[in-house]
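Student: To be precise about what I am sending: the file is called target-v1.cif and holds mmCIF, C-alpha atoms and all ligand atoms.
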data_start
#
loop_
_atom_site.group_PDB
_atom_site.id
_atom_site.type_symbol
_atom_site.label_atom_id
_atom_site.label_comp_id
_atom_site.auth_asym_id
_atom_site.auth_seq_id
_atom_site.Cartn_x
_atom_site.Cartn_y
_atom_site.Cartn_z
ATOM 1 C CA MET E 1 95.889 5.262 -22.609
ATOM 2 C CA ALA E 2 95.771 8.318 -24.913
ATOM 3 C CA PRO E 3 96.753 7.646 -28.559
ATOM 4 C CA GLN E 4 100.154 8.869 -29.746
ATOM 5 C CA PRO E 5 99.958 12.621 -30.587
ATOM 6 C CA ASP E 6 99.495 13.436 -34.318
ATOM 7 C CA ASN E 7 102.407 15.858 -34.277
ATOM 8 C CA ALA E 8 104.828 13.310 -32.738
ATOM 9 C CA ASP E 9 107.082 13.368 -35.834
ATOM 10 C CA HIS E 10 107.555 17.148 -35.651
ATOM 11 C CA ASP E 11 107.329 17.769 -31.937
ATOM 12 C CA PRO E 12 109.641 15.561 -29.893
ATOM 13 C CA ILE E 13 108.513 17.248 -26.652
ATOM 14 C CA ALA E 14 104.912 16.166 -27.338
ATOM 15 C CA LEU E 15 106.183 12.644 -27.937
ATOM 16 C CA VAL E 16 108.208 12.639 -24.709
ATOM 17 C CA ASP E 17 105.160 13.939 -22.819
ATOM 18 C CA TRP E 18 103.152 11.103 -24.277
ATOM 19 C CA TYR E 19 105.727 8.539 -23.150
ATOM 20 C CA ARG E 20 105.814 10.071 -19.675
ATOM 21 C CA SER E 21 102.025 9.938 -19.347
ATOM 22 C CA ALA E 22 102.332 6.228 -20.165
ATOM 23 C CA GLY E 23 104.826 5.737 -17.333
ATOM 24 C CA VAL E 24 108.078 5.798 -19.322
ATOM 25 C CA ASP E 25 110.598 7.876 -17.396
ATOM 26 C CA ILE E 26 113.919 6.725 -18.815
ATOM 27 C CA ALA E 27 115.257 5.433 -22.137
ATOM 28 C CA VAL E 28 116.986 2.107 -21.559
ATOM 29 C CA GLY E 29 118.371 -0.772 -23.573
ATOM 30 C CA GLU E 30 117.032 -4.266 -23.850
ATOM 31 C CA LYS E 31 119.560 -5.988 -21.547
ATOM 32 C CA PRO E 32 119.508 -5.659 -17.733
ATOM 33 C CA VAL E 33 122.229 -3.497 -16.209
ATOM 34 C CA ASP E 34 123.581 -3.812 -12.657
ATOM 35 C CA ARG E 35 123.796 -0.124 -11.776
ATOM 36 C CA PHE E 36 125.034 -0.739 -8.244
ATOM 37 C CA ALA E 37 128.079 -2.570 -9.688
ATOM 38 C CA ALA E 38 128.641 0.306 -12.114
ATOM 39 C CA GLN E 39 128.451 2.826 -9.279
ATOM 40 C CA ALA E 40 130.851 0.783 -7.140
ATOM 41 C CA ALA E 41 133.339 0.677 -10.033
ATOM 42 C CA ARG E 42 133.064 4.439 -10.521
ATOM 43 C CA ARG E 43 133.624 5.009 -6.813
ATOM 44 C CA ALA E 44 136.628 2.695 -6.731
ATOM 45 C CA ALA E 45 138.288 4.535 -9.655
ATOM 46 C CA PRO E 46 140.821 7.232 -8.587
ATOM 47 C CA ALA E 47 139.160 10.663 -8.401
ATOM 48 C CA ARG E 48 139.948 13.035 -11.243
ATOM 49 C CA PRO E 49 140.582 16.705 -10.490
ATOM 50 C CA ALA E 50 137.316 18.648 -10.426
ATOM 51 C CA ALA E 51 138.232 20.639 -13.531
ATOM 52 C CA GLN E 52 138.388 17.462 -15.622
ATOM 53 C CA ARG E 53 135.050 16.118 -14.446
ATOM 54 C CA THR E 54 132.320 16.265 -17.047
ATOM 55 C CA LEU E 55 128.816 14.957 -16.950
ATOM 56 C CA PRO E 56 128.853 11.555 -18.657
ATOM 57 C CA ASP E 57 126.858 11.357 -21.813
ATOM 58 C CA ARG E 58 123.642 9.411 -21.102
ATOM 59 C CA ASP E 59 124.587 6.599 -23.448
ATOM 60 C CA ASN E 60 128.276 6.406 -22.592
ATOM 61 C CA ARG E 61 127.896 5.791 -18.890
ATOM 62 C CA PRO E 62 129.390 2.486 -17.734
ATOM 63 C CA GLY E 63 127.053 -0.407 -18.334
ATOM 64 C CA ARG E 64 124.687 1.621 -20.527
ATOM 65 C CA GLU E 65 123.434 0.094 -23.710
ATOM 66 C CA PRO E 66 123.977 1.909 -27.012
ATOM 67 C CA ALA E 67 121.385 4.581 -27.768
ATOM 68 C CA ALA E 68 117.935 3.088 -27.498
ATOM 69 C CA ARG E 69 115.245 3.849 -30.028
ATOM 70 C CA MET E 70 113.146 5.655 -27.460
ATOM 71 C CA PRO E 71 113.539 9.452 -27.393
ATOM 72 C CA ALA E 72 115.802 10.724 -24.643
ATOM 73 C CA PRO E 73 114.308 13.136 -22.110
ATOM 74 C CA PRO E 74 114.536 16.584 -23.622
ATOM 75 C CA THR E 75 116.674 18.704 -21.314
ATOM 76 C CA PRO E 76 119.880 18.273 -19.338
ATOM 77 C CA ASN E 77 117.739 18.668 -16.192
ATOM 78 C CA SER E 78 115.607 15.673 -17.063
ATOM 79 C CA PRO E 79 114.552 13.435 -14.161
ATOM 80 C CA ALA E 80 116.567 10.406 -15.210
ATOM 81 C CA LEU E 81 119.760 12.392 -15.658
ATOM 82 C CA LYS E 82 119.383 14.128 -12.298
ATOM 83 C CA ALA E 83 118.766 10.785 -10.632
ATOM 84 C CA GLY E 84 121.876 9.319 -12.275
ATOM 85 C CA GLN E 85 123.926 12.237 -11.004
ATOM 86 C CA ALA E 86 122.957 11.544 -7.408
ATOM 87 C CA ASP E 87 124.951 8.305 -7.389
ATOM 88 C CA MET E 88 123.478 6.981 -4.145
ATOM 89 C CA THR E 89 123.605 3.372 -3.004
ATOM 90 C CA PRO E 90 121.332 1.617 -0.488
ATOM 91 C CA ASP E 91 124.217 1.930 2.018
ATOM 92 C CA ASP E 92 124.116 5.721 1.630
ATOM 93 C CA ALA E 93 120.345 5.646 2.094
ATOM 94 C CA ARG E 94 120.744 3.487 5.214
ATOM 95 C CA ALA E 95 123.286 5.879 6.728
ATOM 96 C CA ILE E 96 121.081 8.904 6.052
ATOM 97 C CA ALA E 97 117.925 7.235 7.366
ATOM 98 C CA ALA E 98 119.698 5.916 10.475
ATOM 99 C CA SER E 99 120.836 9.429 11.355
ATOM 100 C CA ALA E 100 117.228 10.678 11.649
ATOM 101 C CA ARG E 101 116.261 11.153 15.304
ATOM 102 C CA THR E 102 112.583 12.052 14.837
ATOM 103 C CA LEU E 103 109.891 11.566 12.199
ATOM 104 C CA GLU E 104 110.159 15.231 11.215
ATOM 105 C CA ASP E 105 113.914 14.847 10.832
ATOM 106 C CA LEU E 106 113.345 11.733 8.706
ATOM 107 C CA ARG E 107 110.876 13.595 6.511
ATOM 108 C CA GLU E 108 113.396 16.413 5.991
ATOM 109 C CA LYS E 109 116.156 13.946 5.149
ATOM 110 C CA LEU E 110 113.903 12.191 2.668
ATOM 111 C CA GLU E 111 112.945 15.541 1.090
ATOM 112 C CA ALA E 112 116.652 16.231 0.598
ATOM 113 C CA PHE E 113 117.486 12.708 -0.637
ATOM 114 C CA ASP E 114 118.278 12.694 -4.369
ATOM 115 C CA GLY E 115 119.075 8.982 -4.659
ATOM 116 C CA CYS E 116 115.738 7.794 -6.008
ATOM 117 C CA GLY E 117 114.854 9.088 -9.479
ATOM 118 C CA LEU E 118 111.116 8.974 -8.715
ATOM 119 C CA LYS E 119 111.554 12.162 -6.718
ATOM 120 C CA PHE E 120 112.169 14.100 -9.919
ATOM 121 C CA SER E 121 109.041 13.013 -11.753
ATOM 122 C CA ALA E 122 106.734 13.212 -8.709
ATOM 123 C CA THR E 123 104.938 16.384 -7.657
ATOM 124 C CA GLN E 124 105.950 15.998 -4.027
ATOM 125 C CA LEU E 125 106.977 13.616 -1.273
ATOM 126 C CA VAL E 126 104.137 11.541 0.191
ATOM 127 C CA PHE E 127 105.492 10.836 3.658
ATOM 128 C CA SER E 128 102.612 9.809 5.908
ATOM 129 C CA ASP E 129 99.146 10.432 7.211
ATOM 130 C CA GLY E 130 97.439 9.658 10.481
ATOM 131 C CA ASN E 131 98.633 9.579 14.041
ATOM 132 C CA PRO E 132 102.352 8.968 14.744
ATOM 133 C CA GLN E 133 101.343 7.795 18.253
ATOM 134 C CA ALA E 134 98.989 5.151 16.884
ATOM 135 C CA ARG E 135 99.301 1.503 17.870
ATOM 136 C CA ILE E 136 98.727 0.413 14.280
ATOM 137 C CA MET E 137 100.830 1.319 11.260
ATOM 138 C CA LEU E 138 99.711 0.525 7.709
ATOM 139 C CA VAL E 139 102.170 0.270 4.835
ATOM 140 C CA GLY E 140 101.123 0.464 1.166
ATOM 141 C CA GLU E 141 103.135 0.270 -2.041
ATOM 142 C CA ALA E 142 103.513 3.735 -3.552
ATOM 143 C CA PRO E 143 101.432 6.888 -4.033
ATOM 144 C CA GLY E 144 99.112 7.209 -7.015
ATOM 145 C CA ARG E 145 97.922 10.330 -8.802
ATOM 146 C CA GLU E 146 95.696 11.734 -6.039
ATOM 147 C CA GLU E 147 98.295 11.039 -3.347
ATOM 148 C CA ASP E 148 100.947 12.765 -5.476
ATOM 149 C CA LEU E 149 98.743 15.853 -5.792
ATOM 150 C CA GLN E 150 97.688 15.997 -2.136
ATOM 151 C CA GLY E 151 100.952 14.798 -0.552
ATOM 152 C CA LYS E 152 99.139 12.192 1.598
ATOM 153 C CA PRO E 153 98.964 8.408 1.279
ATOM 154 C CA PHE E 154 95.737 6.622 0.412
ATOM 155 C CA VAL E 155 93.502 9.557 -0.497
ATOM 156 C CA GLY E 156 92.305 8.250 -3.889
ATOM 157 C CA ARG E 157 89.815 5.444 -4.586
ATOM 158 C CA SER E 158 91.845 2.816 -2.716
ATOM 159 C CA GLY E 159 92.150 5.240 0.182
ATOM 160 C CA HIS E 160 88.402 5.783 0.394
ATOM 161 C CA LEU E 161 87.880 2.053 0.523
ATOM 162 C CA LEU E 162 90.641 1.733 3.125
ATOM 163 C CA ASP E 163 88.852 4.340 5.278
ATOM 164 C CA ARG E 164 85.643 2.310 5.063
ATOM 165 C CA MET E 165 87.493 -0.895 5.912
ATOM 166 C CA LEU E 166 89.061 0.732 8.980
ATOM 167 C CA GLY E 167 85.689 2.214 9.955
ATOM 168 C CA ALA E 168 84.175 -1.287 9.962
ATOM 169 C CA ILE E 169 86.335 -2.165 12.980
ATOM 170 C CA GLY E 170 86.035 1.203 14.698
ATOM 171 C CA LEU E 171 89.270 2.746 13.406
ATOM 172 C CA ASP E 172 89.970 5.940 11.525
ATOM 173 C CA ARG E 173 93.030 8.013 10.633
ATOM 174 C CA THR E 174 93.330 9.401 14.148
ATOM 175 C CA ARG E 175 93.988 5.842 15.344
ATOM 176 C CA VAL E 176 96.366 4.568 12.648
ATOM 177 C CA TYR E 177 99.546 5.813 10.991
ATOM 178 C CA ILE E 178 99.900 5.288 7.219
ATOM 179 C CA ALA E 179 102.986 5.241 4.974
ATOM 180 C CA ASN E 180 104.197 3.608 1.765
ATOM 181 C CA SER E 181 107.217 1.476 0.828
ATOM 182 C CA VAL E 182 108.101 4.095 -1.774
ATOM 183 C CA PRO E 183 107.163 7.708 -0.948
ATOM 184 C CA TRP E 184 107.096 9.183 -4.481
ATOM 185 C CA ARG E 185 104.627 8.389 -7.230
ATOM 186 C CA PRO E 186 106.069 6.262 -10.024
ATOM 187 C CA PRO E 187 105.180 7.921 -13.353
ATOM 188 C CA GLY E 188 102.026 6.587 -14.960
ATOM 189 C CA ASN E 189 101.413 4.549 -11.775
ATOM 190 C CA ARG E 190 103.853 1.873 -12.895
ATOM 191 C CA ALA E 191 105.200 -0.431 -10.183
ATOM 192 C CA PRO E 192 108.356 0.854 -8.456
ATOM 193 C CA THR E 193 111.451 -0.974 -9.721
ATOM 194 C CA PRO E 194 113.425 -3.189 -7.293
ATOM 195 C CA VAL E 195 116.219 -0.571 -7.297
ATOM 196 C CA GLU E 196 113.795 2.244 -6.419
ATOM 197 C CA THR E 197 112.280 0.137 -3.650
ATOM 198 C CA GLU E 198 115.696 -0.800 -2.268
ATOM 199 C CA LEU E 199 116.818 2.826 -2.175
ATOM 200 C CA CYS E 200 113.674 3.896 -0.299
ATOM 201 C CA LEU E 201 113.470 0.920 2.059
ATOM 202 C CA PRO E 202 115.905 2.228 4.709
ATOM 203 C CA PHE E 203 113.633 5.251 5.149
ATOM 204 C CA LEU E 204 110.554 3.092 5.633
ATOM 205 C CA ARG E 205 112.387 0.895 8.131
ATOM 206 C CA ARG E 206 113.504 3.946 10.101
ATOM 207 C CA GLN E 207 109.959 5.344 9.930
ATOM 208 C CA ILE E 208 108.667 2.098 11.476
ATOM 209 C CA GLU E 209 111.383 2.232 14.148
ATOM 210 C CA LEU E 210 110.423 5.791 15.047
ATOM 211 C CA VAL E 211 106.655 5.174 15.105
ATOM 212 C CA ARG E 212 107.116 1.936 17.105
ATOM 213 C CA PRO E 213 103.680 0.463 16.327
ATOM 214 C CA GLU E 214 102.361 -2.548 18.240
ATOM 215 C CA ILE E 215 100.935 -3.895 15.009
ATOM 216 C CA LEU E 216 102.129 -3.341 11.459
ATOM 217 C CA VAL E 217 99.777 -4.134 8.570
ATOM 218 C CA THR E 218 101.157 -4.536 5.064
ATOM 219 C CA LEU E 219 98.699 -3.793 2.264
ATOM 220 C CA GLY E 220 99.389 -5.848 -0.870
ATOM 221 C CA GLY E 221 102.251 -8.017 -2.062
ATOM 222 C CA PRO E 222 104.837 -5.293 -2.829
ATOM 223 C CA ALA E 223 104.517 -3.820 0.690
ATOM 224 C CA ALA E 224 104.868 -7.288 2.254
ATOM 225 C CA ASN E 225 107.890 -8.058 0.052
ATOM 226 C CA ALA E 226 109.549 -4.798 1.063
ATOM 227 C CA VAL E 227 108.853 -5.127 4.796
ATOM 228 C CA PHE E 228 109.769 -8.813 5.109
ATOM 229 C CA GLY E 229 112.593 -8.733 2.548
ATOM 230 C CA GLU E 230 111.404 -11.789 0.656
ATOM 231 C CA HIS E 231 109.004 -12.673 -2.112
ATOM 232 C CA ILE E 232 105.567 -13.276 -0.648
ATOM 233 C CA ALA E 233 102.682 -14.845 -2.568
ATOM 234 C CA ILE E 234 100.155 -12.468 -1.060
ATOM 235 C CA THR E 235 96.953 -14.222 -2.145
ATOM 236 C CA ARG E 236 98.098 -17.245 -0.123
ATOM 237 C CA ALA E 237 99.834 -15.325 2.680
ATOM 238 C CA ARG E 238 97.057 -12.827 3.388
ATOM 239 C CA GLY E 239 95.666 -13.114 6.867
ATOM 240 C CA GLN E 240 98.947 -14.473 8.246
ATOM 241 C CA TRP E 241 100.601 -12.944 11.284
ATOM 242 C CA ARG E 242 104.338 -12.784 11.824
ATOM 243 C CA ASP E 243 106.690 -11.481 14.462
ATOM 244 C CA LEU E 244 108.708 -8.618 13.056
ATOM 245 C CA THR E 245 111.764 -6.873 14.461
ATOM 246 C CA ILE E 246 113.140 -3.693 12.964
ATOM 247 C CA GLY E 247 116.119 -2.213 14.789
ATOM 248 C CA ASP E 248 115.318 -2.629 18.469
ATOM 249 C CA HIS E 249 111.569 -2.594 17.951
ATOM 250 C CA HIS E 250 109.514 -5.804 18.048
ATOM 251 C CA MET E 251 105.961 -5.936 16.775
ATOM 252 C CA ARG E 252 103.327 -8.231 15.311
ATOM 253 C CA ALA E 253 102.694 -7.908 11.583
ATOM 254 C CA LEU E 254 99.616 -8.835 9.559
ATOM 255 C CA MET E 255 99.633 -9.274 5.795
ATOM 256 C CA MET E 256 96.521 -8.057 3.992
ATOM 257 C CA LEU E 257 95.556 -7.664 0.353
ATOM 258 C CA HIS E 258 95.697 -4.167 -1.117
ATOM 259 C CA PRO E 259 92.410 -2.201 -1.224
ATOM 260 C CA ALA E 260 92.933 -1.753 -4.995
ATOM 261 C CA PHE E 261 92.618 -5.530 -5.284
ATOM 262 C CA PHE E 262 89.170 -5.400 -3.648
ATOM 263 C CA LEU E 263 88.129 -2.661 -6.068
ATOM 264 C CA ARG E 264 89.103 -4.901 -8.977
ATOM 265 C CA GLN E 265 87.694 -8.095 -7.446
ATOM 266 C CA PRO E 266 84.785 -7.176 -5.144
ATOM 267 C CA ALA E 267 84.104 -10.870 -4.436
ATOM 268 C CA SER E 268 87.372 -11.025 -2.519
ATOM 269 C CA LYS E 269 86.123 -8.451 0.022
ATOM 270 C CA ARG E 270 85.125 -11.271 2.352
ATOM 271 C CA ASN E 271 88.867 -11.894 2.825
ATOM 272 C CA ALA E 272 89.291 -8.272 3.846
ATOM 273 C CA TRP E 273 86.569 -8.706 6.418
ATOM 274 C CA ARG E 274 88.230 -11.834 7.860
ATOM 275 C CA ASP E 275 91.576 -10.047 8.109
ATOM 276 C CA LEU E 276 90.034 -6.953 9.665
ATOM 277 C CA LEU E 277 88.330 -9.074 12.316
ATOM 278 C CA SER E 278 91.652 -10.767 13.009
ATOM 279 C CA LEU E 279 93.234 -7.317 13.425
ATOM 280 C CA LYS E 280 90.461 -6.237 15.806
ATOM 281 C CA LYS E 281 90.884 -9.410 17.845
ATOM 282 C CA ALA E 282 94.639 -8.882 18.097
ATOM 283 C CA MET E 283 94.105 -5.326 19.345
ATOM 284 C CA GLU E 284 91.615 -6.504 21.953
ATOM 285 C CA ALA E 285 93.906 -9.329 23.062
ATOM 286 C CA HIS E 286 96.699 -6.829 23.470
ATOM 287 C CA ASP E 287 94.417 -4.529 25.488
ATOM 288 C CA ASP E 288 93.434 -7.423 27.762
ATOM 289 C CA ALA E 289 97.065 -8.429 28.240
ATOM 290 C CA THR E 290 98.198 -4.907 29.093
ATOM 291 C CA HIS E 291 95.235 -4.105 31.385
ATOM 292 C CA SER E 292 94.819 -7.442 33.177
ATOM 293 C CA PRO E 293 95.584 -7.421 36.923
ATOM 294 C CA THR E 294 98.940 -9.025 37.727
HETATM 295 N N1 LIG H 301 98.170 2.720 -3.154
HETATM 296 C C1 LIG H 301 99.209 2.633 -2.302
HETATM 297 O O1 LIG H 301 99.835 1.585 -2.183
HETATM 298 N N2 LIG H 301 99.518 3.714 -1.599
HETATM 299 C C2 LIG H 301 98.855 4.850 -1.680
HETATM 300 O O2 LIG H 301 99.218 5.797 -0.987
HETATM 301 C C3 LIG H 301 97.766 4.917 -2.569
HETATM 302 C C4 LIG H 301 97.438 3.841 -3.294
#
What does this structure look like when you write it as structure tokens?
Tutor:
Amino acid sequence: MAPQPDNADHDPIALVDWYRSAGVDIAVGEKPVDRFAAQAARRAAPARPAAQRTLPDRDNRPGREPAARMPAPPTPNSPALKAGQADMTPDDARAIAASARTLEDLREKLEAFDGCGLKFSATQLVFSDGNPQARIMLVGEAPGREEDLQGKPFVGRSGHLLDRMLGAIGLDRTRVYIANSVPWRPPGNRAPTPVETELCLPFLRRQIELVRPEILVTLGGPAANAVFGEHIAITRARGQWRDLTIGDHHMRALMMLHPAFFLRQPASKRNAWRDLLSLKKAMEAHDDATHSPT
């Protein structure tokens, strides 16, 4: 990480930029805050006439800790403030996602969705890559820097390795569809928070319903946690198959480690190979079952 700028004392913008490059996108207190409960309370309160409504001061919003020592984002249009204004709950996200009839419609609804603050620090939405008619759908965690710049999932180092892994069993991006649990890059490549993941999850679930893959492959623990809605110890669970139903669509799902893990621990690549062979076998078994004479 770059050292703190020399002019940090005199130039708060330089200091804020430095924090943002380190992945800090909001100034918070030291105690956890249940923002969904705070939103529910605000919604339950009788509406004031529009003329009386003012934007709550960042530190006086319900449940907010007193001013933290970290510098606040510099302008009233800062990402965190915009995200707070959107006031969306996972139920809102579910209703919006459920109303999408096609993948293009879902993409447009996600572009217009202001409920997840990551949207405001990301360059653009990273919705998908590959073939929406594919039999196999891969789900990663969240875009990184390259994905954020290009607007496509898995185009950085992990993506290049993923392409080679797919190539080893005769697949490429014309034969798979790729998306992420969270479609905007978290600043500084930090992990998405549980709230961010929960707000984006209805869109991923609808995306899976619309693609209707025969086989869904989760890449890494966070993707498996999001898809299966439980905590999964991925180093033990990798290679396991499950039945998965989302909406009215039933499919088989395989849990794999994330390609970034193989980049960090090349010795574990033999596990990738085992899981890829298992994926290939499942595809062939499905082909045999669908083409066998009755
Ligand atoms: N890692 C992910 O999980 N998704 C991407 O799109 C890129 C890297």
Student: Of the candidates E:Ala168, E:Ile246, E:Leu279, E:Ala142, which shows the shortest atom-to-atom distance to ligand LIG 301 (chain H), using all atoms listed in the file?
Tutor: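 For ligand LIG 301 (chain H), the nearest of the given residues is E:Ala142.
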Student: Write out as a tab-separated table a residue-level contact list of range 172-195 of chain E versus range 146-155 of chain E with cut-off 8 Å: for each qualifying residue the closest pair of atoms and the distance in Å to one decimal, counting all atoms listed in the file, rows sorted by chain and residue number upward.
Tutor:
residue	atom	partner	partner_atom	distance
E:Ile178	CA	E:Pro153	CA	6.8
E:Ala179	CA	E:Pro153	CA	6.3
E:Asn180	CA	E:Pro153	CA	7.1
E:Trp184	CA	E:Asp148	CA	7.2
E:Arg185	CA	E:Asp148	CA	6.0
Student: In Å to one decimal, how far is CA of Lys269 in chain E from CA of Arg236 in chain E?
Tutor: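 It comes out at 14.9 Å.
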Student: For the provided coordinates, the residues matched by the PyMOL selection byres (((chain E and resi 225-235) around 9) and not hetatm) should be stated as a ChimeraX atom specification.
Tutor: /E:139,141,181,197-198,201,204-205,218,220-224,236-238,244,255-257
Student: What separation in Å, quoted to one decimal, exists between CA of Leu166 in chain E and atom C1 of ligand LIG 301 (chain H)?
Tutor: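 Atom-to-atom, CA of Leu166 in chain E and atom C1 of ligand LIG 301 (chain H) are spaced 15.3 Å apart.
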Student: Just the number, please: distance in Å from CA of Leu263 in chain E to CA of Asp129 in chain E, one decimal.
Tutor: 21.7 Å
Student: Would you mind listing, for every residue of range 193-221 of chain E within 12 Å of range 108-111 of chain E, the two atoms forming the shortest contact and the distance between them in Å to one decimal, using all atoms listed in the file, sorted by chain and ascending residue number, as a tab-separated table?
Tutor:
residue	atom	partner	partner_atom	distance
E:Leu199	CA	E:Leu110	CA	10.9
E:Cys200	CA	E:Leu110	CA	8.8
E:Leu201	CA	E:Leu110	CA	11.3
E:Pro202	CA	E:Leu110	CA	10.4
E:Phe203	CA	E:Leu110	CA	7.4
E:Leu204	CA	E:Leu110	CA	10.1
E:Arg206	CA	E:Leu110	CA	11.1
E:Gln207	CA	E:Leu110	CA	10.7
Student: Using only C-alpha atoms and all ligand atoms, which residue out of E:Arg242, E:Arg157, E:Lys119, E:His250 lies closest to ligand LIG 301 (chain H)?
Tutor: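 Counting only C-alpha atoms and all ligand atoms, the residue closest to ligand LIG 301 (chain H) is E:Arg157.
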Student: Of the candidates E:Ala122, E:Met165, E:Val182, E:Val176, which one gets nearest to ligand LIG 301 (chain H) if we count all atoms listed in the file?
Tutor: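 Comparing E:Ala122, E:Met165, E:Val182, E:Val176 against ligand LIG 301 (chain H), the winner is E:Val182.
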Student: Could you list the residues chosen by the PyMOL selection byres (((chain E and resi 158) around 10) and not hetatm) in this structure as a ChimeraX atom specification?
Tutor: /E:144,153-157,159-164,258-263
Student: Please enumerate the residues selected by the PyMOL selection byres (((chain E and resi 249) around 9) and not hetatm) when evaluated against the supplied file, formatted as a list in words.
Tutor: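 With the shown file as input, the PyMOL selection byres (((chain E and resi 249) around 9) and not hetatm) matches Ile208, Glu209, Leu210, Arg212, Pro213, Leu244, Thr245, Ile246, Gly247, Asp248, His250 and Met251 of chain E.
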Student: Find the residue from E:Ala14, E:Thr193, E:Leu138, E:Asp172 that sits nearest to ligand LIG 301 (chain H); use only C-alpha atoms and all ligand atoms when measuring.
Tutor: E:Leu138
Student: Which of these, E:Trp241, E:Phe127, E:Phe36, E:Phe113, has the shortest distance to ligand LIG 301 (chain H) once you count only C-alpha atoms and all ligand atoms?
Tutor: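 That would be E:Phe127, the residue with the smallest distance to ligand LIG 301 (chain H).
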